file upload-v5.txt (compact mmCIF, N, CA and C atoms)
# COMPACT_ATOMS: atom_id res chain seq x y z
N MET A 25 -23.79 -38.06 -46.62
CA MET A 25 -22.76 -37.79 -47.59
C MET A 25 -21.91 -36.65 -47.08
N PRO A 26 -20.60 -36.84 -46.92
CA PRO A 26 -19.73 -35.79 -46.40
C PRO A 26 -19.60 -34.65 -47.39
N ARG A 27 -19.53 -33.47 -46.82
CA ARG A 27 -19.39 -32.28 -47.64
C ARG A 27 -17.92 -31.97 -47.86
N ASP A 28 -17.65 -31.40 -48.98
CA ASP A 28 -16.30 -30.94 -49.29
C ASP A 28 -16.09 -29.61 -48.56
N SER A 29 -14.98 -29.47 -47.88
CA SER A 29 -14.75 -28.27 -47.08
C SER A 29 -14.62 -27.02 -47.94
N HIS A 30 -14.44 -27.16 -49.22
CA HIS A 30 -14.29 -26.00 -50.09
C HIS A 30 -15.58 -25.71 -50.84
N SER A 31 -16.66 -26.47 -50.63
CA SER A 31 -17.87 -26.32 -51.42
C SER A 31 -18.77 -25.19 -50.91
N SER A 32 -18.75 -24.87 -49.61
CA SER A 32 -19.60 -23.79 -49.10
C SER A 32 -18.92 -23.13 -47.91
N PRO A 33 -19.32 -21.88 -47.61
CA PRO A 33 -18.71 -21.18 -46.48
C PRO A 33 -19.05 -21.80 -45.13
N THR A 34 -20.15 -22.54 -45.04
CA THR A 34 -20.53 -23.14 -43.76
C THR A 34 -19.83 -24.47 -43.50
N ALA A 35 -19.11 -24.96 -44.48
CA ALA A 35 -18.44 -26.24 -44.31
C ALA A 35 -17.42 -26.18 -43.18
N ALA A 36 -16.72 -25.07 -43.05
CA ALA A 36 -15.71 -24.94 -41.99
C ALA A 36 -16.37 -25.02 -40.62
N LEU A 37 -17.55 -24.46 -40.48
CA LEU A 37 -18.27 -24.50 -39.20
C LEU A 37 -18.59 -25.94 -38.82
N PHE A 38 -19.09 -26.71 -39.75
CA PHE A 38 -19.42 -28.10 -39.45
C PHE A 38 -18.16 -28.90 -39.14
N THR A 39 -17.06 -28.57 -39.81
CA THR A 39 -15.81 -29.27 -39.55
C THR A 39 -15.35 -28.98 -38.13
N GLN A 40 -15.47 -27.71 -37.68
CA GLN A 40 -15.05 -27.36 -36.34
C GLN A 40 -15.91 -28.07 -35.30
N VAL A 41 -17.20 -28.18 -35.55
CA VAL A 41 -18.07 -28.86 -34.61
C VAL A 41 -17.70 -30.32 -34.53
N GLU A 42 -17.41 -30.92 -35.66
CA GLU A 42 -17.05 -32.33 -35.67
C GLU A 42 -15.75 -32.55 -34.91
N VAL A 43 -14.79 -31.64 -35.07
CA VAL A 43 -13.51 -31.78 -34.36
C VAL A 43 -13.74 -31.64 -32.86
N ALA A 44 -14.54 -30.67 -32.44
CA ALA A 44 -14.81 -30.48 -31.02
C ALA A 44 -15.60 -31.66 -30.46
N ALA A 45 -16.48 -32.21 -31.25
CA ALA A 45 -17.26 -33.35 -30.78
C ALA A 45 -16.37 -34.58 -30.61
N ASP A 46 -15.32 -34.68 -31.36
CA ASP A 46 -14.41 -35.81 -31.25
C ASP A 46 -13.57 -35.75 -29.98
N ALA A 47 -13.58 -34.60 -29.32
CA ALA A 47 -12.77 -34.46 -28.11
C ALA A 47 -13.33 -35.31 -26.97
N GLY A 48 -14.55 -35.71 -27.05
CA GLY A 48 -15.12 -36.58 -26.04
C GLY A 48 -16.14 -35.88 -25.19
N PRO A 49 -17.07 -36.63 -24.64
CA PRO A 49 -18.13 -36.03 -23.83
C PRO A 49 -17.62 -35.44 -22.53
N ALA A 50 -16.56 -35.99 -21.97
CA ALA A 50 -16.04 -35.46 -20.70
C ALA A 50 -15.52 -34.04 -20.90
N THR A 51 -14.85 -33.79 -22.02
CA THR A 51 -14.32 -32.45 -22.29
C THR A 51 -15.46 -31.47 -22.52
N ALA A 52 -16.48 -31.89 -23.26
CA ALA A 52 -17.63 -31.02 -23.51
C ALA A 52 -18.35 -30.69 -22.20
N GLU A 53 -18.53 -31.68 -21.33
CA GLU A 53 -19.17 -31.43 -20.04
C GLU A 53 -18.33 -30.49 -19.19
N ALA A 54 -17.03 -30.63 -19.23
CA ALA A 54 -16.15 -29.76 -18.46
C ALA A 54 -16.24 -28.33 -18.97
N GLU A 55 -16.31 -28.16 -20.29
CA GLU A 55 -16.44 -26.82 -20.87
C GLU A 55 -17.78 -26.20 -20.49
N GLN A 56 -18.83 -27.01 -20.55
CA GLN A 56 -20.15 -26.50 -20.18
C GLN A 56 -20.19 -26.13 -18.70
N THR A 57 -19.59 -26.95 -17.87
CA THR A 57 -19.56 -26.67 -16.43
C THR A 57 -18.80 -25.38 -16.17
N GLN A 58 -17.66 -25.21 -16.85
CA GLN A 58 -16.87 -23.99 -16.67
C GLN A 58 -17.65 -22.77 -17.17
N LEU A 59 -18.33 -22.93 -18.29
CA LEU A 59 -19.13 -21.83 -18.83
C LEU A 59 -20.24 -21.45 -17.85
N LEU A 60 -20.91 -22.43 -17.26
CA LEU A 60 -21.95 -22.14 -16.27
C LEU A 60 -21.36 -21.46 -15.04
N ARG A 61 -20.18 -21.90 -14.61
CA ARG A 61 -19.52 -21.25 -13.46
C ARG A 61 -19.19 -19.80 -13.80
N ASP A 62 -18.72 -19.56 -15.03
CA ASP A 62 -18.41 -18.19 -15.45
C ASP A 62 -19.67 -17.32 -15.49
N ILE A 63 -20.78 -17.90 -15.95
CA ILE A 63 -22.04 -17.16 -15.98
C ILE A 63 -22.49 -16.82 -14.56
N ILE A 64 -22.38 -17.77 -13.65
CA ILE A 64 -22.77 -17.53 -12.26
C ILE A 64 -21.88 -16.47 -11.63
N ALA A 65 -20.59 -16.53 -11.92
CA ALA A 65 -19.67 -15.52 -11.39
C ALA A 65 -20.03 -14.14 -11.94
N GLY A 66 -20.37 -14.07 -13.21
CA GLY A 66 -20.79 -12.79 -13.81
C GLY A 66 -22.06 -12.27 -13.17
N GLN A 67 -23.01 -13.16 -12.92
CA GLN A 67 -24.26 -12.74 -12.27
C GLN A 67 -24.00 -12.28 -10.83
N ASP A 68 -23.12 -12.98 -10.14
CA ASP A 68 -22.78 -12.56 -8.77
C ASP A 68 -22.18 -11.16 -8.78
N ARG A 69 -21.28 -10.90 -9.72
CA ARG A 69 -20.65 -9.57 -9.82
C ARG A 69 -21.70 -8.52 -10.17
N HIS A 70 -22.58 -8.86 -11.06
CA HIS A 70 -23.66 -7.96 -11.45
C HIS A 70 -24.52 -7.63 -10.23
N ASN A 71 -24.86 -8.62 -9.44
CA ASN A 71 -25.66 -8.41 -8.22
C ASN A 71 -24.93 -7.53 -7.22
N GLU A 72 -23.63 -7.74 -7.08
CA GLU A 72 -22.84 -6.91 -6.16
C GLU A 72 -22.87 -5.44 -6.61
N LEU A 73 -22.72 -5.22 -7.92
CA LEU A 73 -22.75 -3.86 -8.43
C LEU A 73 -24.12 -3.22 -8.23
N LEU A 74 -25.17 -3.99 -8.43
CA LEU A 74 -26.51 -3.47 -8.21
C LEU A 74 -26.74 -3.11 -6.74
N GLU A 75 -26.23 -3.95 -5.84
CA GLU A 75 -26.35 -3.66 -4.41
C GLU A 75 -25.61 -2.37 -4.06
N GLU A 76 -24.43 -2.17 -4.63
CA GLU A 76 -23.68 -0.94 -4.39
C GLU A 76 -24.44 0.26 -4.92
N LEU A 77 -25.03 0.13 -6.10
CA LEU A 77 -25.78 1.22 -6.70
C LEU A 77 -27.00 1.57 -5.85
N VAL A 78 -27.71 0.56 -5.39
CA VAL A 78 -28.87 0.81 -4.53
C VAL A 78 -28.44 1.50 -3.24
N THR A 79 -27.34 1.08 -2.68
CA THR A 79 -26.84 1.69 -1.45
C THR A 79 -26.49 3.16 -1.68
N LEU A 80 -25.79 3.44 -2.78
CA LEU A 80 -25.43 4.83 -3.08
C LEU A 80 -26.67 5.69 -3.29
N LEU A 81 -27.61 5.19 -4.06
CA LEU A 81 -28.81 5.97 -4.34
C LEU A 81 -29.66 6.17 -3.09
N SER A 82 -29.79 5.15 -2.28
CA SER A 82 -30.60 5.29 -1.07
C SER A 82 -29.91 6.22 -0.07
N ASN A 83 -28.59 6.19 0.01
CA ASN A 83 -27.88 7.11 0.90
C ASN A 83 -28.08 8.55 0.45
N ALA A 84 -27.98 8.77 -0.86
CA ALA A 84 -28.17 10.13 -1.38
C ALA A 84 -29.61 10.59 -1.14
N GLN A 85 -30.57 9.71 -1.36
CA GLN A 85 -31.98 10.04 -1.12
C GLN A 85 -32.23 10.34 0.35
N ARG A 86 -31.65 9.54 1.20
CA ARG A 86 -31.81 9.74 2.64
C ARG A 86 -31.21 11.09 3.06
N GLN A 87 -30.06 11.44 2.51
CA GLN A 87 -29.42 12.70 2.84
C GLN A 87 -30.27 13.88 2.35
N ARG A 88 -30.80 13.79 1.11
CA ARG A 88 -31.66 14.87 0.61
C ARG A 88 -32.91 15.02 1.48
N HIS A 89 -33.48 13.90 1.89
CA HIS A 89 -34.67 13.94 2.74
C HIS A 89 -34.34 14.61 4.08
N GLN A 90 -33.20 14.26 4.65
CA GLN A 90 -32.80 14.84 5.93
C GLN A 90 -32.57 16.35 5.79
N GLU A 91 -31.90 16.75 4.70
CA GLU A 91 -31.65 18.17 4.49
C GLU A 91 -32.96 18.93 4.27
N MET A 92 -33.89 18.32 3.54
CA MET A 92 -35.18 18.96 3.29
C MET A 92 -35.95 19.09 4.61
N SER A 93 -35.92 18.06 5.43
CA SER A 93 -36.60 18.13 6.73
C SER A 93 -36.00 19.22 7.60
N GLN A 94 -34.68 19.33 7.62
CA GLN A 94 -34.03 20.37 8.41
C GLN A 94 -34.42 21.76 7.90
N TRP A 95 -34.46 21.91 6.57
CA TRP A 95 -34.84 23.20 5.99
C TRP A 95 -36.27 23.55 6.38
N LYS A 96 -37.17 22.57 6.30
CA LYS A 96 -38.57 22.82 6.64
C LYS A 96 -38.73 23.17 8.11
N GLN A 97 -37.97 22.53 8.98
CA GLN A 97 -38.04 22.84 10.41
C GLN A 97 -37.48 24.24 10.69
N ALA A 98 -36.50 24.65 9.90
CA ALA A 98 -35.89 25.96 10.10
C ALA A 98 -36.74 27.09 9.50
N HIS A 99 -37.63 26.77 8.57
CA HIS A 99 -38.42 27.80 7.89
C HIS A 99 -39.91 27.44 7.88
N PRO A 100 -40.53 27.31 9.04
CA PRO A 100 -41.94 26.87 9.07
C PRO A 100 -42.90 27.86 8.40
N ARG A 101 -42.62 29.16 8.52
CA ARG A 101 -43.49 30.15 7.88
C ARG A 101 -43.43 30.01 6.35
N LEU A 102 -42.25 29.82 5.83
CA LEU A 102 -42.09 29.67 4.38
C LEU A 102 -42.74 28.39 3.89
N VAL A 103 -42.72 27.35 4.70
CA VAL A 103 -43.39 26.09 4.34
C VAL A 103 -44.89 26.34 4.19
N ARG A 104 -45.47 27.08 5.14
CA ARG A 104 -46.91 27.40 5.07
C ARG A 104 -47.22 28.25 3.83
N GLU A 105 -46.33 29.22 3.53
CA GLU A 105 -46.54 30.07 2.36
C GLU A 105 -46.41 29.27 1.06
N CYS A 106 -45.48 28.33 1.02
CA CYS A 106 -45.33 27.48 -0.17
C CYS A 106 -46.57 26.61 -0.35
N LYS A 107 -47.13 26.12 0.75
CA LYS A 107 -48.34 25.30 0.67
C LYS A 107 -49.50 26.12 0.13
N ALA A 108 -49.65 27.34 0.63
CA ALA A 108 -50.73 28.21 0.17
C ALA A 108 -50.55 28.54 -1.32
N ALA A 109 -49.32 28.84 -1.70
CA ALA A 109 -49.05 29.15 -3.11
C ALA A 109 -49.31 27.92 -3.99
N ALA A 110 -48.95 26.75 -3.52
CA ALA A 110 -49.18 25.52 -4.28
C ALA A 110 -50.68 25.27 -4.45
N ASP A 111 -51.45 25.57 -3.42
CA ASP A 111 -52.91 25.41 -3.52
C ASP A 111 -53.48 26.33 -4.61
N VAL A 112 -53.04 27.59 -4.61
CA VAL A 112 -53.52 28.55 -5.61
C VAL A 112 -53.08 28.10 -7.01
N LEU A 113 -51.82 27.73 -7.16
CA LEU A 113 -51.34 27.28 -8.47
C LEU A 113 -52.01 25.99 -8.91
N GLY A 114 -52.36 25.14 -7.97
CA GLY A 114 -53.07 23.91 -8.31
C GLY A 114 -54.43 24.22 -8.93
N ARG A 115 -55.13 25.19 -8.34
CA ARG A 115 -56.41 25.60 -8.92
C ARG A 115 -56.21 26.21 -10.30
N LEU A 116 -55.19 27.06 -10.44
CA LEU A 116 -54.90 27.67 -11.75
C LEU A 116 -54.53 26.60 -12.78
N GLN A 117 -53.79 25.61 -12.35
CA GLN A 117 -53.42 24.53 -13.27
C GLN A 117 -54.66 23.78 -13.73
N ASN A 118 -55.60 23.53 -12.83
CA ASN A 118 -56.85 22.86 -13.21
C ASN A 118 -57.62 23.67 -14.23
N GLU A 119 -57.72 25.00 -14.00
CA GLU A 119 -58.40 25.86 -14.96
C GLU A 119 -57.69 25.87 -16.31
N TYR A 120 -56.38 25.90 -16.28
CA TYR A 120 -55.60 25.89 -17.51
C TYR A 120 -55.80 24.58 -18.27
N LEU A 121 -55.80 23.47 -17.54
CA LEU A 121 -56.04 22.17 -18.18
C LEU A 121 -57.44 22.10 -18.77
N ALA A 122 -58.41 22.70 -18.10
CA ALA A 122 -59.77 22.72 -18.64
C ALA A 122 -59.81 23.52 -19.94
N ARG A 123 -59.10 24.64 -19.98
CA ARG A 123 -59.03 25.44 -21.21
C ARG A 123 -58.37 24.65 -22.33
N ILE A 124 -57.30 23.96 -22.01
CA ILE A 124 -56.60 23.15 -23.02
C ILE A 124 -57.53 22.06 -23.57
N THR A 125 -58.21 21.37 -22.67
CA THR A 125 -59.08 20.28 -23.13
C THR A 125 -60.25 20.81 -23.95
N ARG A 126 -60.76 22.01 -23.62
CA ARG A 126 -61.82 22.61 -24.45
C ARG A 126 -61.29 22.91 -25.85
N ASP A 127 -60.08 23.47 -25.92
CA ASP A 127 -59.49 23.76 -27.23
C ASP A 127 -59.26 22.49 -28.03
N ILE A 128 -58.86 21.44 -27.36
CA ILE A 128 -58.65 20.16 -28.06
C ILE A 128 -59.99 19.63 -28.57
N ALA A 129 -61.01 19.72 -27.75
CA ALA A 129 -62.33 19.23 -28.18
C ALA A 129 -62.85 20.05 -29.35
N ASP A 130 -62.61 21.36 -29.32
CA ASP A 130 -63.10 22.22 -30.39
C ASP A 130 -62.33 22.05 -31.70
N SER A 131 -61.04 21.78 -31.60
CA SER A 131 -60.23 21.73 -32.82
C SER A 131 -59.43 20.43 -32.96
N GLY A 132 -59.88 19.38 -32.28
CA GLY A 132 -59.14 18.12 -32.31
C GLY A 132 -58.97 17.54 -33.69
N HIS A 133 -60.05 17.60 -34.52
CA HIS A 133 -59.95 17.05 -35.87
C HIS A 133 -58.94 17.82 -36.71
N SER A 134 -58.83 19.12 -36.48
CA SER A 134 -57.85 19.94 -37.22
C SER A 134 -56.43 19.58 -36.81
N LEU A 135 -56.25 19.27 -35.53
CA LEU A 135 -54.91 18.93 -35.05
C LEU A 135 -54.42 17.64 -35.70
N ASP A 136 -55.34 16.71 -35.94
CA ASP A 136 -54.97 15.46 -36.60
C ASP A 136 -54.52 15.69 -38.04
N ASP A 137 -55.18 16.63 -38.71
CA ASP A 137 -54.96 16.82 -40.14
C ASP A 137 -53.81 17.76 -40.46
N SER A 138 -53.45 18.61 -39.55
CA SER A 138 -52.47 19.65 -39.87
C SER A 138 -51.30 19.64 -38.90
N GLU A 139 -50.14 19.39 -39.44
CA GLU A 139 -48.91 19.44 -38.64
C GLU A 139 -48.68 20.85 -38.11
N PHE A 140 -48.99 21.84 -38.94
CA PHE A 140 -48.82 23.24 -38.54
C PHE A 140 -49.68 23.58 -37.32
N LEU A 141 -50.97 23.19 -37.37
CA LEU A 141 -51.86 23.49 -36.24
C LEU A 141 -51.44 22.75 -34.97
N LEU A 142 -50.96 21.52 -35.13
CA LEU A 142 -50.47 20.78 -33.97
C LEU A 142 -49.27 21.48 -33.35
N ASN A 143 -48.33 21.92 -34.19
CA ASN A 143 -47.17 22.64 -33.67
C ASN A 143 -47.58 23.95 -33.00
N GLU A 144 -48.53 24.66 -33.59
CA GLU A 144 -49.03 25.89 -32.98
C GLU A 144 -49.66 25.62 -31.61
N PHE A 145 -50.43 24.55 -31.53
CA PHE A 145 -51.06 24.18 -30.27
C PHE A 145 -50.01 23.88 -29.21
N ILE A 146 -49.01 23.08 -29.57
CA ILE A 146 -47.95 22.73 -28.63
C ILE A 146 -47.16 23.96 -28.22
N ASP A 147 -46.84 24.83 -29.19
CA ASP A 147 -46.11 26.06 -28.86
C ASP A 147 -46.92 26.97 -27.95
N ARG A 148 -48.23 26.97 -28.14
CA ARG A 148 -49.09 27.84 -27.35
C ARG A 148 -49.22 27.36 -25.91
N TYR A 149 -49.45 26.07 -25.73
CA TYR A 149 -49.75 25.55 -24.40
C TYR A 149 -48.59 24.82 -23.72
N GLY A 150 -47.73 24.20 -24.48
CA GLY A 150 -46.70 23.33 -23.91
C GLY A 150 -45.76 23.97 -22.91
N PRO A 151 -45.06 25.05 -23.31
CA PRO A 151 -44.09 25.64 -22.38
C PRO A 151 -44.73 26.14 -21.09
N ARG A 152 -45.87 26.81 -21.21
CA ARG A 152 -46.53 27.33 -20.01
C ARG A 152 -46.95 26.20 -19.09
N LEU A 153 -47.51 25.13 -19.67
CA LEU A 153 -47.95 24.00 -18.86
C LEU A 153 -46.75 23.32 -18.18
N ALA A 154 -45.66 23.16 -18.92
CA ALA A 154 -44.47 22.53 -18.35
C ALA A 154 -43.90 23.37 -17.21
N HIS A 155 -43.82 24.68 -17.40
CA HIS A 155 -43.26 25.55 -16.36
C HIS A 155 -44.18 25.62 -15.15
N LEU A 156 -45.47 25.70 -15.41
CA LEU A 156 -46.43 25.73 -14.31
C LEU A 156 -46.33 24.45 -13.49
N HIS A 157 -46.22 23.33 -14.18
CA HIS A 157 -46.09 22.04 -13.49
C HIS A 157 -44.81 22.00 -12.65
N SER A 158 -43.71 22.49 -13.20
CA SER A 158 -42.44 22.47 -12.46
C SER A 158 -42.51 23.33 -11.21
N VAL A 159 -43.05 24.53 -11.35
CA VAL A 159 -43.17 25.42 -10.18
C VAL A 159 -44.09 24.81 -9.14
N LEU A 160 -45.20 24.23 -9.60
CA LEU A 160 -46.14 23.60 -8.69
C LEU A 160 -45.50 22.43 -7.94
N GLN A 161 -44.68 21.65 -8.62
CA GLN A 161 -43.99 20.53 -7.97
C GLN A 161 -43.06 21.03 -6.87
N VAL A 162 -42.30 22.07 -7.17
CA VAL A 162 -41.37 22.61 -6.16
C VAL A 162 -42.14 23.14 -4.96
N LEU A 163 -43.16 23.94 -5.23
CA LEU A 163 -43.93 24.51 -4.12
C LEU A 163 -44.62 23.42 -3.31
N SER A 164 -45.13 22.41 -3.98
CA SER A 164 -45.80 21.32 -3.26
C SER A 164 -44.82 20.57 -2.38
N GLN A 165 -43.63 20.32 -2.91
CA GLN A 165 -42.63 19.60 -2.12
C GLN A 165 -42.19 20.43 -0.93
N LEU A 166 -41.97 21.71 -1.14
CA LEU A 166 -41.54 22.57 -0.04
C LEU A 166 -42.69 22.86 0.92
N GLY A 167 -43.92 22.81 0.44
CA GLY A 167 -45.07 23.14 1.27
C GLY A 167 -45.58 22.01 2.14
N ASN A 168 -45.05 20.82 1.94
CA ASN A 168 -45.45 19.71 2.81
C ASN A 168 -44.72 19.84 4.12
N PRO A 169 -45.44 19.70 5.24
CA PRO A 169 -44.77 19.83 6.54
C PRO A 169 -43.66 18.81 6.71
N ALA A 170 -42.69 19.18 7.50
CA ALA A 170 -41.55 18.28 7.76
C ALA A 170 -42.04 17.02 8.46
N GLU A 171 -41.56 15.90 8.01
CA GLU A 171 -41.92 14.63 8.66
C GLU A 171 -41.03 14.43 9.87
N ARG A 172 -41.59 13.85 10.85
CA ARG A 172 -40.82 13.55 12.06
C ARG A 172 -39.93 12.36 11.81
N ALA A 173 -38.73 12.39 12.38
CA ALA A 173 -37.79 11.28 12.23
C ALA A 173 -38.38 10.03 12.87
N LYS A 174 -38.18 8.93 12.19
CA LYS A 174 -38.72 7.66 12.69
C LYS A 174 -37.70 6.88 13.45

call {"tool": "encode", "arguments": {"input": "upload-v5.txt", "output": "structure tokens"}}
result
Amino acid sequence: MPRDSHSSPTAALFTQVEVAADAGPATAEAEQTQLLRDIIAGQDRHNELLEELVTLLSNAQRQRHQEMSQWKQAHPRLVRECKAAADVLGRLQNEYLARITRDIADSGHSLDDSEFLLNEFIDRYGPRLAHLHSVLQVLSQLGNPAERAK
């Protein structure tokens, strides 16, 4: 039973589909083919942009690596000192983490129940742990001997 175009808001949609369907299967296939070609062209462009991005990032990474290697070759004593400092800070970080985990084990149930205690815990340990980790990362990176060019 045909619907009256004024009886519901979706009637116009069905009317448009019926009109497009009357255009013939060849036209519909041509539209689908063109749509698929447009999708493929979009994917090709997307792939090109991704390749450019990878190239830019790898070039920047390669340049940073080269500069770091040159710095390490120019400052071998400082590289050794950074390694020694990283070793000491690594041990301190382990002790600090052990202290944190003991505090969590001792007061873990309280942390679950109290937003205030959780915030106090984070304020107490969070910044120091984050800064210690950052310093340790820098010293570790600088303390690794320069790699030989391949």

call {"tool": "closest_residue", "arguments": {"input": "upload-v5.txt", "among": "A:Thr79, A:Gln165, A:Gln90, A:Thr57", "to": "Leu102 of chain A", "atoms": "only C-alpha atoms"}}
result
A:Gln165

call {"tool": "atom_distance", "arguments": {"input": "upload-v5.txt", "atom1": "atom CA of Leu166 of chain A", "atom2": "atom N of Arg152 of chain A"}}
result
22.0 Å

call {"tool": "atom_distance", "arguments": {"input": "upload-v5.txt", "atom1": "atom CA of Leu135 of chain A", "atom2": "atom CA of Leu153 of chain A"}}
result
18.3 Å

call {"tool": "atom_distance", "arguments": {"input": "upload-v5.txt", "atom1": "atom CA of Ala110 of chain A", "atom2": "atom CA of Leu160 of chain A"}}
result
5.7 Å

call {"tool": "axis_aligned_box", "arguments": {"input": "upload-v5.txt", "around": "segment 97-111 of chain A", "padding_each_side": "3 Å", "output": "lines of an AutoDock Vina configuration file"}}
result
center_x = -44.7
center_y = 26.3
center_z = 3.0
size_x = 23.6
size_y = 13.6
size_z = 21.3

call {"tool": "residues_around", "arguments": {"input": "upload-v5.txt", "residues": "Gln117 of chain A", "least_positions_apart": "4", "cutoff": "8 Å", "atoms": "only N, CA and C atoms", "output": "mmCIF file with N, CA and C atoms, in the coordinates of the input"}}
result
data_model
loop_
_atom_site.group_PDB
_atom_site.id
_atom_site.type_symbol
_atom_site.label_atom_id
_atom_site.label_comp_id
_atom_site.auth_asym_id
_atom_site.auth_seq_id
_atom_site.Cartn_x
_atom_site.Cartn_y
_atom_site.Cartn_z
ATOM 1 N N ASP A 111 -51.450 25.570 -3.420
ATOM 2 C CA ASP A 111 -52.910 25.410 -3.520
ATOM 3 C C ASP A 111 -53.480 26.330 -4.610
ATOM 4 N N VAL A 112 -53.040 27.590 -4.610
ATOM 5 C CA VAL A 112 -53.520 28.550 -5.610
ATOM 6 C C VAL A 112 -53.080 28.100 -7.010
ATOM 7 N N LEU A 113 -51.820 27.730 -7.160
ATOM 8 C CA LEU A 113 -51.340 27.280 -8.470
ATOM 9 C C LEU A 113 -52.010 25.990 -8.910
ATOM 10 N N LEU A 121 -55.800 23.470 -17.540
ATOM 11 C CA LEU A 121 -56.040 22.170 -18.180
ATOM 12 C C LEU A 121 -57.440 22.100 -18.770
ATOM 13 N N ALA A 122 -58.410 22.700 -18.100
ATOM 14 C CA ALA A 122 -59.770 22.720 -18.640
ATOM 15 C C ALA A 122 -59.810 23.520 -19.940
ATOM 16 N N ARG A 123 -59.100 24.640 -19.980
ATOM 17 C CA ARG A 123 -59.030 25.440 -21.210
ATOM 18 C C ARG A 123 -58.370 24.650 -22.330
ATOM 19 N N LEU A 153 -47.510 25.130 -19.670
ATOM 20 C CA LEU A 153 -47.950 24.000 -18.860
ATOM 21 C C LEU A 153 -46.750 23.320 -18.180
ATOM 22 N N LEU A 156 -45.470 25.700 -15.410
ATOM 23 C CA LEU A 156 -46.430 25.730 -14.310
ATOM 24 C C LEU A 156 -46.330 24.450 -13.490
ATOM 25 N N HIS A 157 -46.220 23.330 -14.180
ATOM 26 C CA HIS A 157 -46.090 22.040 -13.490
ATOM 27 C C HIS A 157 -44.810 22.000 -12.650
#

call {"tool": "closest_residue", "arguments": {"input": "upload-v5.txt", "among": "A:Ser138, A:Tyr149, A:Val103, A:Leu74", "to": "Ile124 of chain A", "atoms": "all atoms listed in the file"}}
result
A:Tyr149
